[in-house]
$ cat protein10.cif   # mmCIF, C-alpha atoms
data_upload
loop_
_atom_site.label_atom_id
_atom_site.label_comp_id
_atom_site.auth_asym_id
_atom_site.auth_seq_id
_atom_site.Cartn_x
_atom_site.Cartn_y
_atom_site.Cartn_z
CA MET W 2 196.98 53.87 58.44
CA SER W 3 198.39 57.26 59.38
CA GLN W 4 197.40 58.90 62.64
CA PRO W 5 194.82 61.67 62.28
CA HIS W 6 196.03 65.23 62.81
CA ILE W 7 194.41 68.36 64.11
CA THR W 8 195.21 72.02 63.50
CA LEU W 9 195.55 74.57 66.28
CA ALA W 10 192.15 76.05 65.44
CA GLU W 11 190.55 72.60 65.43
CA ALA W 12 192.18 71.74 68.74
CA LEU W 13 190.83 74.90 70.34
CA GLY W 14 187.40 74.15 68.90
CA MET W 15 187.56 70.61 70.29
CA MET W 16 188.32 71.97 73.75
CA ALA W 17 185.62 74.59 73.50
CA ASP W 18 183.11 71.83 72.71
CA ALA W 19 184.39 69.57 75.48
CA PHE W 20 184.22 72.33 78.06
CA ASN W 21 181.01 73.85 76.66
CA GLU W 22 182.74 77.22 76.47
CA PRO W 23 182.68 79.89 73.72
CA LEU W 24 185.68 79.50 71.42
CA ALA W 25 186.80 83.05 72.18
CA ASN W 26 187.36 82.00 75.79
CA VAL W 27 189.55 79.05 74.90
CA GLN W 28 192.92 80.33 73.77
CA PRO W 29 196.39 78.86 74.34
CA GLU W 30 197.12 81.21 77.21
CA THR W 31 193.78 80.63 78.94
CA ALA W 32 194.16 79.19 82.43
CA ARG W 33 192.12 76.21 83.49
CA ASP W 34 190.65 78.19 86.37
CA SER W 35 189.16 80.62 83.84
CA ILE W 36 187.12 77.87 82.15
CA PRO W 37 184.15 76.90 84.34
CA GLY W 38 183.37 73.85 82.21
CA TRP W 39 186.86 72.41 82.69
CA ASP W 40 185.75 70.63 85.82
CA SER W 41 185.74 66.88 86.47
CA MET W 42 183.11 66.33 83.80
CA GLY W 43 184.86 68.58 81.31
CA ALA W 44 188.01 66.59 81.93
CA LEU W 45 186.11 63.39 81.12
CA MET W 46 184.79 64.94 77.93
CA LEU W 47 188.34 65.82 76.88
CA ILE W 48 189.61 62.31 77.68
CA ALA W 49 186.76 60.88 75.59
CA GLU W 50 187.49 63.21 72.66
CA LEU W 51 191.17 62.29 72.61
CA ASP W 52 190.34 58.60 72.78
CA GLU W 53 187.73 58.83 70.04
CA ARG W 54 189.60 61.08 67.63
CA PHE W 55 193.16 59.89 68.06
CA GLY W 56 193.09 56.76 70.19
CA ILE W 57 195.45 58.36 72.69
CA GLU W 58 195.07 58.04 76.43
CA LEU W 59 195.11 61.07 78.65
CA SER W 60 195.75 59.61 82.08
CA ALA W 61 193.89 60.87 85.11
CA GLU W 62 197.12 62.18 86.62
CA ALA W 63 198.18 63.98 83.44
CA SER W 64 194.71 65.45 83.15
CA ARG W 65 194.85 66.77 86.71
CA GLN W 66 198.23 68.41 86.08
CA MET W 67 197.04 70.40 83.10
CA ARG W 68 196.67 74.01 84.23
CA SER W 69 196.06 75.78 80.93
CA VAL W 70 194.92 75.25 77.36
CA GLN W 71 198.56 75.33 76.32
CA HIS W 72 199.20 72.22 78.38
CA VAL W 73 196.60 70.36 76.33
CA LEU W 74 198.18 71.64 73.14
CA ASP W 75 201.58 70.48 74.38
CA PHE W 76 200.11 67.07 75.09
CA LEU W 77 198.71 66.86 71.57
CA ALA W 78 202.05 67.89 70.12
CA GLN W 79 203.92 65.30 72.19
CA HIS W 80 201.65 62.63 70.73
CA GLY W 81 202.23 63.88 67.21
CA VAL W 82 198.65 64.79 66.44
CA LEU W 83 198.93 68.60 66.41
CA SER W 84 199.84 69.92 62.98
CA ALA W 85 202.70 72.39 62.96
CA MET M 29 192.50 32.61 82.67
CA SER M 30 191.29 34.25 79.54
CA PHE M 31 188.05 32.73 78.29
CA SER M 32 186.22 29.53 79.05
CA ARG M 33 183.32 27.64 77.53
CA LEU M 34 180.75 25.94 79.71
CA ASP M 35 177.65 23.96 78.86
CA GLY M 36 175.46 21.68 80.98
CA PHE M 37 173.44 24.41 82.69
CA ARG M 38 170.60 26.80 81.99
CA ILE M 39 169.36 29.96 83.61
CA ALA M 40 165.96 29.05 85.00
CA GLY M 41 165.10 32.51 86.25
CA VAL M 42 166.27 35.96 87.24
CA SER M 43 164.50 38.02 89.87
CA THR M 44 165.50 41.58 90.72
CA VAL M 45 164.24 44.07 93.25
CA VAL M 46 164.95 47.69 94.05
CA PRO M 47 163.97 49.41 97.31
CA ALA M 48 160.56 51.04 97.33
CA THR M 49 162.03 54.42 98.28
CA GLN M 50 162.73 56.40 95.13
CA LEU M 51 164.63 59.69 94.98
CA ASP M 52 164.45 62.25 92.19
CA ASN M 53 167.88 63.78 91.63
CA LEU M 54 166.36 66.92 90.16
CA ALA M 55 164.66 67.56 93.49
CA LEU M 56 168.06 67.74 95.20
CA GLY M 57 169.11 71.02 93.61
CA ASP M 58 168.85 72.91 96.89
CA ARG M 59 171.43 70.67 98.46
CA TYR M 60 173.87 70.13 95.59
CA GLY M 61 173.21 73.16 93.41
CA ALA M 62 170.64 73.14 90.63
CA ASP M 63 173.22 73.52 87.86
CA ASP M 64 175.42 70.75 89.19
CA VAL M 65 172.48 68.41 89.57
CA ARG M 66 171.21 69.15 86.08
CA LYS M 67 174.66 68.51 84.71
CA VAL M 68 174.99 65.17 86.48
CA VAL M 69 171.53 64.11 85.36
CA SER M 70 172.23 65.17 81.81
CA MET M 71 175.64 63.57 81.52
CA ALA M 72 175.46 60.53 83.78
CA GLY M 73 171.85 59.88 82.84
CA VAL M 74 170.58 59.16 86.35
CA ARG M 75 167.28 60.88 87.10
CA HIS M 76 165.82 58.56 89.73
CA ARG M 77 167.48 56.27 92.24
CA HIS M 78 165.99 53.68 94.55
CA VAL M 79 167.66 53.64 97.94
CA VAL M 80 167.33 51.42 100.96
CA SER M 81 165.60 52.57 104.10
CA ASP M 82 167.28 52.48 107.50
CA GLY M 83 168.00 48.90 108.42
CA GLN M 84 167.42 47.55 104.91
CA THR M 85 170.44 45.78 103.42
CA SER M 86 171.66 43.80 100.45
CA VAL M 87 170.75 40.64 102.32
CA ASP M 88 167.15 41.83 102.64
CA LEU M 89 166.95 42.73 98.96
CA CYS M 90 168.51 39.49 97.76
CA ALA M 91 166.47 37.31 100.11
CA ASP M 92 163.32 39.04 98.87
CA ALA M 93 164.32 38.50 95.24
CA ALA M 94 165.18 34.86 95.95
CA GLN M 95 161.90 34.14 97.72
CA ARG M 96 159.94 35.52 94.80
CA LEU M 97 161.98 33.47 92.36
CA LEU M 98 161.68 30.21 94.29
CA LYS M 99 157.92 30.74 94.35
CA ALA M 100 157.71 31.60 90.65
CA LEU M 101 159.77 28.55 89.71
CA ASP M 102 158.00 26.35 92.25
CA TRP M 103 161.38 25.20 93.53
CA ASP M 104 161.51 23.46 96.87
CA PRO M 105 164.18 25.22 98.97
CA GLU M 106 165.47 21.77 99.88
CA SER M 107 166.39 21.23 96.23
CA VAL M 108 168.91 24.10 96.19
CA THR M 109 172.42 22.82 96.96
CA GLY M 110 174.46 25.93 96.27
CA LEU M 111 174.05 29.58 97.32
CA ILE M 112 176.54 32.19 96.14
CA MET M 113 176.19 35.77 97.25
CA VAL M 114 178.15 38.40 95.36
CA THR M 115 178.23 41.64 97.31
CA GLN M 116 180.42 44.43 98.60
CA SER M 117 177.89 45.56 101.17
CA PRO M 118 177.54 42.55 103.47
CA ASP M 119 175.56 42.65 106.70
CA HIS M 120 178.65 41.63 108.66
CA PHE M 121 182.32 40.82 108.20
CA LEU M 122 181.34 37.49 109.64
CA PRO M 123 179.36 35.38 109.12
CA SER M 124 179.04 35.56 105.37
CA SER M 125 175.91 37.10 103.93
CA ALA M 126 175.30 33.86 102.05
CA CYS M 127 174.96 32.02 105.36
CA VAL M 128 172.52 34.65 106.65
CA VAL M 129 170.39 34.32 103.52
CA HIS M 130 170.69 30.53 103.69
CA GLY M 131 168.99 30.63 107.06
CA ARG M 132 166.40 33.15 105.92
CA LEU M 133 165.41 31.02 102.91
CA GLY M 134 165.30 27.79 104.89
CA LEU M 135 167.77 25.99 102.66
CA SER M 136 169.10 22.58 103.63
CA VAL M 137 172.33 21.82 105.50
CA GLY M 138 173.47 20.10 102.34
CA CYS M 139 173.68 23.47 100.59
CA ALA M 140 177.07 25.15 100.07
CA ALA M 141 176.87 28.86 100.86
CA PHE M 142 179.60 31.45 100.42
CA ASP M 143 180.24 35.08 99.55
CA VAL M 144 182.19 36.61 96.72
CA GLY M 145 183.51 40.13 97.31
CA LEU M 146 183.18 41.79 93.93
CA GLY M 147 181.39 44.93 92.80
CA CYS M 148 180.49 46.04 89.30
CA SER M 149 182.00 42.98 87.61
CA GLY M 150 180.30 40.59 90.02
CA TYR M 151 177.37 39.27 88.00
CA PRO M 152 179.33 37.49 85.24
CA TYR M 153 181.73 36.21 87.91
CA GLY M 154 178.87 34.81 89.95
CA LEU M 155 177.32 33.12 86.94
CA TYR M 156 180.66 31.57 86.07
CA LEU M 157 181.09 30.15 89.57
CA ALA M 158 177.56 28.75 89.63
CA ALA M 159 178.01 27.23 86.17
CA THR M 160 181.29 25.56 87.12
CA MET M 161 179.68 24.10 90.23
CA LEU M 162 176.87 22.65 88.14
CA LYS M 163 179.28 21.40 85.51
CA GLY M 164 181.44 19.84 88.19
CA GLY M 165 178.62 17.54 89.22
CA GLY M 166 176.85 16.93 92.50
CA HIS M 167 174.62 19.96 92.15
CA GLN M 168 171.31 20.27 90.35
CA ARG M 169 170.10 23.71 91.41
CA ILE M 170 172.02 26.79 92.50
CA LEU M 171 171.00 30.28 93.51
CA MET M 172 173.40 33.09 92.71
CA LEU M 173 172.57 36.32 94.52
CA ASN M 174 174.05 39.66 93.57
CA GLY M 175 173.10 42.65 95.66
CA ASP M 176 174.62 45.93 96.68
CA THR M 177 173.60 49.11 98.46
CA PRO M 178 176.09 51.73 97.24
CA SER M 179 173.86 54.48 98.65
CA ARG M 180 175.06 53.37 102.08
CA PHE M 181 178.73 53.90 101.31
CA THR M 182 178.63 57.14 99.36
CA SER M 183 179.25 60.37 101.22
CA PRO M 184 176.29 62.76 101.13
CA ASP M 185 178.87 65.52 100.55
CA ASP M 186 180.22 63.88 97.40
CA HIS M 187 177.66 64.62 94.71
CA ALA M 188 179.73 62.84 92.03
CA THR M 189 178.94 59.51 93.69
CA THR M 190 175.82 60.25 95.71
CA LEU M 191 173.77 61.32 92.68
CA LEU M 192 174.94 58.34 90.66
CA PHE M 193 174.34 55.29 92.83
CA GLY M 194 171.17 53.37 93.65
CA ASP M 195 170.58 50.05 95.40
CA ALA M 196 169.36 46.69 94.13
CA GLY M 197 169.28 43.00 94.84
CA SER M 198 168.94 40.01 92.56
CA ALA M 199 168.62 36.26 92.54
CA THR M 200 169.47 34.06 89.59
CA ALA M 201 168.46 30.41 89.52
CA LEU M 202 170.63 28.03 87.56
CA GLU M 203 170.03 24.34 86.99
CA ALA M 204 171.99 21.49 85.50
CA VAL M 205 170.91 20.17 82.11
CA ALA M 206 172.35 17.55 79.78
CA SER M 207 175.62 18.51 78.14
CA GLY M 208 175.60 19.38 74.48
CA GLY M 209 173.10 22.20 74.59
CA PHE M 210 173.83 25.92 74.55
CA ALA M 211 177.43 26.62 75.48
CA SER M 212 178.12 29.79 77.44
CA HIS M 213 181.38 31.70 77.30
CA PHE M 214 182.99 33.63 80.12
CA GLY M 215 185.91 36.02 80.37
CA LEU M 216 187.23 37.13 83.76
CA PHE M 217 189.96 39.72 84.30
CA SER M 218 191.60 41.83 87.03
CA ASP M 219 194.13 44.63 87.49
CA GLY M 220 194.85 45.17 91.16
CA THR M 221 197.26 48.01 90.40
CA GLY M 222 194.12 50.11 89.98
CA ALA M 223 192.72 49.26 93.40
CA GLU M 224 192.83 52.88 94.53
CA ALA M 225 190.62 54.12 91.69
CA LEU M 226 187.47 53.11 93.56
CA ILE M 227 188.05 52.45 97.21
CA MET M 228 186.56 52.67 100.67
CA LYS M 229 189.74 52.88 102.70
CA GLY M 230 188.48 52.65 106.24
CA GLY M 231 186.38 50.26 108.25
CA GLY M 232 188.26 47.13 107.26
CA PHE M 233 191.14 45.63 109.19
CA ARG M 234 193.79 47.84 107.54
CA ASP M 235 192.22 50.86 109.25
CA ARG M 236 189.38 49.73 111.44
CA PHE M 237 188.53 53.14 112.95
CA PRO M 238 189.84 55.77 110.52
CA ALA M 239 190.77 59.20 111.81
CA ASP M 240 189.24 60.79 108.73
CA PRO M 241 185.53 59.93 108.64
CA ARG M 242 185.58 60.38 104.87
CA ASP M 243 187.51 57.12 104.71
CA LEU M 244 184.31 55.33 105.67
CA PHE M 245 182.85 56.35 102.30
CA VAL M 246 183.79 55.36 98.79
CA ARG M 247 186.22 57.54 96.88
CA MET M 248 186.17 57.47 93.12
CA ASP M 249 188.81 58.73 90.72
CA GLY M 250 186.33 59.44 87.93
CA ALA M 251 188.94 60.07 85.25
CA GLY M 252 190.92 57.00 86.27
CA VAL M 253 187.83 54.77 86.16
CA PHE M 254 186.83 56.24 82.82
CA ASN M 255 190.27 55.54 81.33
CA PHE M 256 190.16 51.99 82.68
CA THR M 257 186.74 51.45 81.14
CA ILE M 258 187.56 52.71 77.66
CA LYS M 259 190.81 50.75 77.70
CA ARG M 260 189.42 47.42 78.91
CA VAL M 261 185.80 47.09 77.82
CA PRO M 262 186.15 47.37 74.01
CA PRO M 263 188.68 44.50 73.81
CA LEU M 264 186.59 42.56 76.32
CA ILE M 265 183.63 42.70 73.94
CA GLN M 266 185.70 41.91 70.87
CA ASP M 267 187.54 39.03 72.52
CA THR M 268 184.35 37.59 73.97
CA LEU M 269 182.73 37.60 70.53
CA ALA M 270 185.82 35.93 69.09
CA ALA M 271 185.92 33.30 71.84
CA ALA M 272 182.27 32.45 71.20
CA ALA M 273 182.77 32.60 67.40
CA LEU M 274 180.07 35.25 67.09
CA ASP M 275 179.62 38.45 65.12
CA VAL M 276 178.21 41.62 66.68
CA GLN M 277 174.82 40.94 65.09
CA ASP M 278 174.63 37.43 66.55
CA VAL M 279 174.04 38.82 70.03
CA ASP M 280 170.46 39.88 70.75
CA ALA M 281 171.34 42.24 73.59
CA TYR M 282 174.46 43.64 75.21
CA ILE M 283 173.68 44.10 78.88
CA PHE M 284 176.17 46.60 80.25
CA HIS M 285 176.82 47.40 83.85
CA GLN M 286 174.94 50.70 84.07
CA SER M 287 177.94 52.78 85.03
CA ASN M 288 177.15 56.15 83.53
CA ARG M 289 175.33 57.09 80.32
CA PHE M 290 178.20 59.16 78.98
CA ILE M 291 180.64 56.28 79.43
CA MET M 292 178.23 53.72 78.00
CA LYS M 293 177.51 55.80 74.92
CA HIS M 294 181.22 56.24 74.34
CA LEU M 295 181.70 52.47 74.57
CA ILE M 296 178.82 51.74 72.21
CA LYS M 297 180.29 54.07 69.61
CA LYS M 298 183.82 52.83 70.08
CA CYS M 299 182.77 49.20 69.79
CA GLY M 300 180.39 49.73 66.88
CA LEU M 301 177.47 48.13 68.68
CA PRO M 302 173.90 48.61 67.44
CA GLU M 303 172.33 51.11 69.85
CA ASP M 304 169.01 49.28 69.89
CA ARG M 305 170.73 46.25 71.36
CA VAL M 306 172.20 48.06 74.34
CA PRO M 307 169.43 48.81 76.84
CA PHE M 308 169.76 51.62 79.36
CA THR M 309 168.02 51.46 82.71
CA LEU M 310 170.06 53.84 84.80
CA GLU M 311 167.69 56.76 84.25
CA ASP M 312 165.23 55.15 86.67
CA THR M 313 167.40 52.89 88.81
CA GLY M 314 170.83 54.55 88.72
CA ASN M 315 174.14 52.79 88.92
CA CYS M 316 173.44 50.03 91.43
CA GLY M 317 176.84 48.35 91.14
CA GLY M 318 176.99 44.73 90.03
CA PRO M 319 173.23 44.15 90.26
CA SER M 320 172.71 46.76 87.54
CA VAL M 321 173.40 43.92 85.08
CA PRO M 322 170.56 41.61 86.20
CA VAL M 323 168.29 44.63 86.79
CA THR M 324 168.80 45.60 83.16
CA LEU M 325 168.31 42.01 82.09
CA THR M 326 164.91 41.77 83.75
CA ARG M 327 163.71 45.30 83.04
CA ALA M 328 164.79 45.40 79.41
CA LEU M 329 164.28 41.84 78.25
CA ALA M 330 161.22 40.53 80.08
CA GLU M 331 158.70 42.10 77.75
CA ARG M 332 160.63 41.19 74.64
CA GLN M 333 161.10 37.61 75.78
CA ARG M 334 157.39 37.25 76.50
CA ALA M 335 156.38 38.85 73.20
CA GLN M 336 158.73 36.85 71.03
CA ALA M 337 158.69 33.62 73.03
CA GLN M 338 162.12 32.80 71.71
CA ASP M 339 165.57 32.14 73.06
CA LEU M 340 167.77 35.21 73.38
CA ARG M 341 171.56 35.23 73.30
CA VAL M 342 172.88 38.00 75.52
CA MET M 343 176.30 39.32 76.44
CA LEU M 344 176.63 40.44 80.04
CA LEU M 345 179.35 42.97 80.82
CA GLY M 346 180.60 44.01 84.26
CA TYR M 347 183.49 46.37 84.97
CA GLY M 348 184.67 48.55 87.79
CA VAL M 349 186.03 48.35 91.33
CA GLY M 350 189.04 46.10 91.74
CA LEU M 351 189.84 46.88 89.06
CA SER M 352 187.91 43.94 87.72
CA TRP M 353 186.06 43.24 84.50
CA ALA M 354 184.17 40.25 83.14
CA SER M 355 181.88 39.06 80.39
CA ALA M 356 179.45 36.24 79.82
CA VAL M 357 177.59 35.13 76.73
CA VAL M 358 174.57 33.24 77.99
CA GLN M 359 171.17 32.21 76.78
CA VAL M 360 167.93 33.50 78.19
CA ASP M 361 165.61 30.88 76.84
CA ALA M 362 161.89 31.17 76.23
CA ARG M 363 161.13 29.52 79.58
CA THR M 364 163.50 31.60 81.69
CA VAL M 365 161.53 33.51 84.32
CA LEU M 366 162.39 37.22 84.34
CA MET M 367 160.84 39.34 87.06
CA HIS M 368 161.40 42.75 88.60
CA GLY M 369 159.73 44.48 91.52
CA LEU M 370 159.91 46.82 94.48
CA SER M 371 161.12 45.65 97.84
CA ALA M 372 159.32 47.18 100.78
CA PRO M 373 161.22 48.68 103.71
CA VAL M 374 161.84 46.28 106.54
CA GLY M 375 160.22 46.79 109.91
CA PRO M 376 156.77 46.84 111.45
CA ALA M 377 155.41 49.54 109.14
CA ALA M 378 156.50 47.72 106.02
CA GLU M 379 154.07 47.62 103.14
CA PRO M 380 153.66 44.34 101.29
CA PRO M 381 155.88 44.22 98.21
CA HIS M 382 154.30 44.61 94.84
CA GLU M 383 155.40 44.23 91.26
CA ILE M 384 156.23 47.19 89.06
CA ALA M 385 156.36 47.39 85.31
CA PRO M 386 159.80 46.55 83.89
#
$ encode --input "protein10.cif" --output "structure tokens"
Amino acid sequence: MSQPHITLAEALGMMADAFNEPLANVQPETARDSIPGWDSMGALMLIAELDERFGIELSAEASRQMRSVQHVLDFLAQHGVLSA
Amino acid sequence: MSFSRLDGFRIAGVSTVVPATQLDNLALGDRYGADDVRKVVSMAGVRHRHVVSDGQTSVDLCADAAQRLLKALDWDPESVTGLIMVTQSPDHFLPSSACVVHGRLGLSVGCAAFDVGLGCSGYPYGLYLAATMLKGGGHQRILMLNGDTPSRFTSPDDHATTLLFGDAGSATALEAVASGGFASHFGLFSDGTGAEALIMKGGGFRDRFPADPRDLFVRMDGAGVFNFTIKRVPPLIQDTLAAAALDVQDVDAYIFHQSNRFIMKHLIKKCGLPEDRVPFTLEDTGNCGGPSVPVTLTRALAERQRAQAQDLRVMLLGYGVGLSWASAVVQVDARTVLMHGLSAPVGPAAEPPHEIAP
């Protein structure tokens, strides 16, 4: 079975849902500090989404090091789930 | 070890208590911020928590639960030859809490009594140890106590843990029966490389008097614990079913350690479990560590067991600090006593304990 993929727009929408933030405020260049919902609970929501949708593990350390939406997109690309 | 099969014992009764003092998390908005509290309540699912009063400990809760159970079963304390206490909040480093309870219950000198230092995985572990003692011969009746007071080791400044944890004590009575009856299955696992994910660093002999007072309270790496849980619990359930040659539908109830509603719901979905077979109790009693498993057993199953008067096959699941995780498929038969109540504060002003609805 092939691994599911996600487009850039879908990835941003996934993060907006996880962080309970309007989509307009979740863009690749958006810093983590600018997203109030990207706190410890938002981080858990993102970990859960990645596990549920793709079966990939976002470690606690990797999660802590993410400083922007682009870092999440990079992570998705590294795991081969972000469509070009 | 992976999985083991044990027969020759039955669970005669399970008694659980929570402290009489109940806190409403939503009333703590002034201290922790109304939005933060609402978020924790909404996501973690803990609205109320029962917490011990000053001077009330796991030993008090477990001894109370045990006394009620001995009375309900009409067991002579002299007939109990094994007492296991699973706790991570003992009264003392020494002697063991089991020995303190042994004296409190008036058990005989012929009774083995010892502690097991496990947290959220402790209930299946304790059952396994009691069952192996009964299977090994020489014992007819054993009490397995599992109690913890996490409210005493969470920092009031750490709302991620303080708003989550409650306290509870339990006593489970097991007795030997002829071999060939219901066979239980147990799976016990550990990963000590994750020891730092949930840890109280100070106070033990590594750092008896820590310079940083925060080291006297538990620290939790929430994301790390969450990753551990979603990695380990789904295969634990699947492998336990396989070991017991059961399908998902063959189990009447999956009794999870009540870690956090968000985590539990994720696990239910990931494992494809029927939601109506996974009871939640943490809204009213919080995450009380290992005893959350027996608390859920008594609160969620007592009424059903009485109404249906039939044997129930349940899977018990504990996971957390250690890191440690464990499962047990056991039978709660139609005669098993299930009881739950409030435990009054200790001291001269204590009110007599009374039962509460499950």
$ atom_distance --input "protein10.cif" --atom1 "CA of Leu173 (chain M)" --atom2 "CA of Leu111 (chain M)"
7.4 Å
$ residues_around --input "protein10.cif" --residues "region 92-101 of chain M" --least-positions-apart "3" --cutoff "6 Å" --atoms "all atoms listed in the file" --output "compact mmCIF listing (two decimals) with C-alpha atoms, keeping the file's coordinate frame"
# COMPACT_ATOMS: atom_id res chain seq x y z
CA SER M 43 164.50 38.02 89.87
CA THR M 44 165.50 41.58 90.72
CA VAL M 45 164.24 44.07 93.25
CA LEU M 89 166.95 42.73 98.96
CA SER M 198 168.94 40.01 92.56
CA ALA M 199 168.62 36.26 92.54
$ residues_around --input "protein10.cif" --residues "Leu244 (chain M)" --least-positions-apart "5" --cutoff "10 Å" --atoms "only C-alpha atoms" --output "ChimeraX atom specification"
/M:181-183,227-232,235-239
$ resolve_selection --input "protein10.cif" --expression "the PyMOL selection byres ((chain M) within 8 of (chain W))" --output "number ranges by chain"
M: 249-252, 254-255, 294, 298
$ residues_around --input "protein10.cif" --residues "Leu51 (chain M)" --least-positions-apart "4" --cutoff "10 Å" --atoms "all atoms listed in the file" --output "compact mmCIF listing (two decimals) with C-alpha atoms, keeping the file's coordinate frame"
# COMPACT_ATOMS: atom_id res chain seq x y z
CA ALA M 55 164.66 67.56 93.49
CA LEU M 56 168.06 67.74 95.20
CA ARG M 75 167.28 60.88 87.10
CA HIS M 76 165.82 58.56 89.73
CA ARG M 77 167.48 56.27 92.24
CA HIS M 78 165.99 53.68 94.55
CA VAL M 79 167.66 53.64 97.94
CA LEU M 191 173.77 61.32 92.68
CA GLY M 194 171.17 53.37 93.65
CA ASP M 312 165.23 55.15 86.67
CA THR M 313 167.40 52.89 88.81
$ residues_around --input "protein10.cif" --residues "Val87 (chain M)" --least-positions-apart "5" --cutoff "7 Å" --atoms "all atoms listed in the file" --output "PyMOL selection string"
chain M and resi 119+125+129
$ residues_around --input "protein10.cif" --residues "region 138-147 of chain M" --least-positions-apart "2" --cutoff "6 Å" --atoms "only C-alpha atoms" --output "count of residues only"
17
$ atom_distance --input "protein10.cif" --atom1 "CA of Thr49 (chain M)" --atom2 "CA of Leu122 (chain M)"
28.1 Å
$ atom_distance --input "protein10.cif" --atom1 "CA of Gly175 (chain M)" --atom2 "CA of Gly154 (chain M)"
11.3 Å
$ closest_residue --input "protein10.cif" --among "W:Ala63, W:Phe55, W:Phe76, W:Gln71" --to "Ile7 (chain W)" --atoms "only C-alpha atoms"
W:Phe55
$ resolve_selection --input "protein10.cif" --expression "the PyMOL selection byres ((chain W and resi 37) around 12)" --output "list of chain:residue names"
W:Ala17, W:Ala19, W:Phe20, W:Asn21, W:Glu22, W:Pro23, W:Asn26, W:Val27, W:Thr31, W:Ala32, W:Arg33, W:Asp34, W:Ser35, W:Ile36, W:Gly38, W:Trp39, W:Asp40, W:Ser41, W:Met42, W:Gly43, W:Ala44, M:Asp63, M:Asp64
$ resolve_selection --input "protein10.cif" --expression "the PyMOL selection byres ((chain M and resi 326) around 9)" --output "MDAnalysis selection string"
chainID M and resid 42:44 321:325 327:331 365:368 386
$ residues_near_point --input "protein10.cif" --point "(198.8, 78.8, 74.6)" --cutoff "6 Å" --atoms "all atoms listed in the file" --output "number ranges by chain"
W: 29-30, 70-71
$ residues_near_point --input "protein10.cif" --point "(184.6, 38.7, 83.3)" --cutoff "9 Å" --atoms "all atoms listed in the file" --output "PDB file with C-alpha atoms, keeping the file's coordinate frame"
ATOM      1  CA  SER M  30     191.290  34.250  79.540  1.00  0.00           C
ATOM      2  CA  PHE M  31     188.050  32.730  78.290  1.00  0.00           C
ATOM      3  CA  SER M 149     182.000  42.980  87.610  1.00  0.00           C
ATOM      4  CA  GLY M 150     180.300  40.590  90.020  1.00  0.00           C
ATOM      5  CA  TYR M 151     177.370  39.270  88.000  1.00  0.00           C
ATOM      6  CA  PRO M 152     179.330  37.490  85.240  1.00  0.00           C
ATOM      7  CA  TYR M 153     181.730  36.210  87.910  1.00  0.00           C
ATOM      8  CA  TYR M 156     180.660  31.570  86.070  1.00  0.00           C
ATOM      9  CA  PHE M 214     182.990  33.630  80.120  1.00  0.00           C
ATOM     10  CA  GLY M 215     185.910  36.020  80.370  1.00  0.00           C
ATOM     11  CA  LEU M 216     187.230  37.130  83.760  1.00  0.00           C
ATOM     12  CA  PHE M 217     189.960  39.720  84.300  1.00  0.00           C
ATOM     13  CA  SER M 218     191.600  41.830  87.030  1.00  0.00           C
ATOM     14  CA  LEU M 264     186.590  42.560  76.320  1.00  0.00           C
ATOM     15  CA  LEU M 344     176.630  40.440  80.040  1.00  0.00           C
ATOM     16  CA  LEU M 345     179.350  42.970  80.820  1.00  0.00           C
ATOM     17  CA  GLY M 346     180.600  44.010  84.260  1.00  0.00           C
ATOM     18  CA  TYR M 347     183.490  46.370  84.970  1.00  0.00           C
ATOM     19  CA  SER M 352     187.910  43.940  87.720  1.00  0.00           C
ATOM     20  CA  TRP M 353     186.060  43.240  84.500  1.00  0.00           C
ATOM     21  CA  ALA M 354     184.170  40.250  83.140  1.00  0.00           C
ATOM     22  CA  SER M 355     181.880  39.060  80.390  1.00  0.00           C
ATOM     23  CA  ALA M 356     179.450  36.240  79.820  1.00  0.00           C
TER      24      ALA M 356
END
$ closest_residue --input "protein10.cif" --among "M:Thr85, M:Ser107, M:Thr189, M:Gln336" --to "Leu171 (chain M)" --atoms "all atoms listed in the file"
M:Ser107
$ axis_aligned_box --input "protein10.cif" --around "region 60-74 of chain W" --padding-each-side "5 Å" --output "AutoDock Vina command-line options"
--center_x 196.5 --center_y 67.7 --center_z 79.9 --size_x 15.3 --size_y 26.2 --size_z 23.6
$ build_atoms --input "protein10.cif" --residues "region 298-303 of chain M" --atoms "N, CA and C atoms" --output "mmCIF file, keeping the file's coordinate frame"
data_model
loop_
_atom_site.group_PDB
_atom_site.id
_atom_site.type_symbol
_atom_site.label_atom_id
_atom_site.label_comp_id
_atom_site.auth_asym_id
_atom_site.auth_seq_id
_atom_site.Cartn_x
_atom_site.Cartn_y
_atom_site.Cartn_z
ATOM 1 N N LYS M 298 182.464 53.352 70.291
ATOM 2 C CA LYS M 298 183.820 52.830 70.080
ATOM 3 C C LYS M 298 183.797 51.378 69.612
ATOM 4 N N CYS M 299 182.841 50.619 70.116
ATOM 5 C CA CYS M 299 182.770 49.200 69.790
ATOM 6 C C CYS M 299 181.906 48.922 68.561
ATOM 7 N N GLY M 300 181.240 49.934 68.053
ATOM 8 C CA GLY M 300 180.390 49.730 66.880
ATOM 9 C C GLY M 300 179.198 48.841 67.156
ATOM 10 N N LEU M 301 178.620 48.956 68.342
ATOM 11 C CA LEU M 301 177.470 48.130 68.680
ATOM 12 C C LEU M 301 176.186 48.810 68.225
ATOM 13 N N PRO M 302 175.194 48.017 67.795
ATOM 14 C CA PRO M 302 173.900 48.610 67.440
ATOM 15 C C PRO M 302 173.237 49.184 68.692
ATOM 16 N N GLU M 303 172.871 50.463 68.648
ATOM 17 C CA GLU M 303 172.330 51.110 69.850
ATOM 18 C C GLU M 303 171.071 50.443 70.367
#
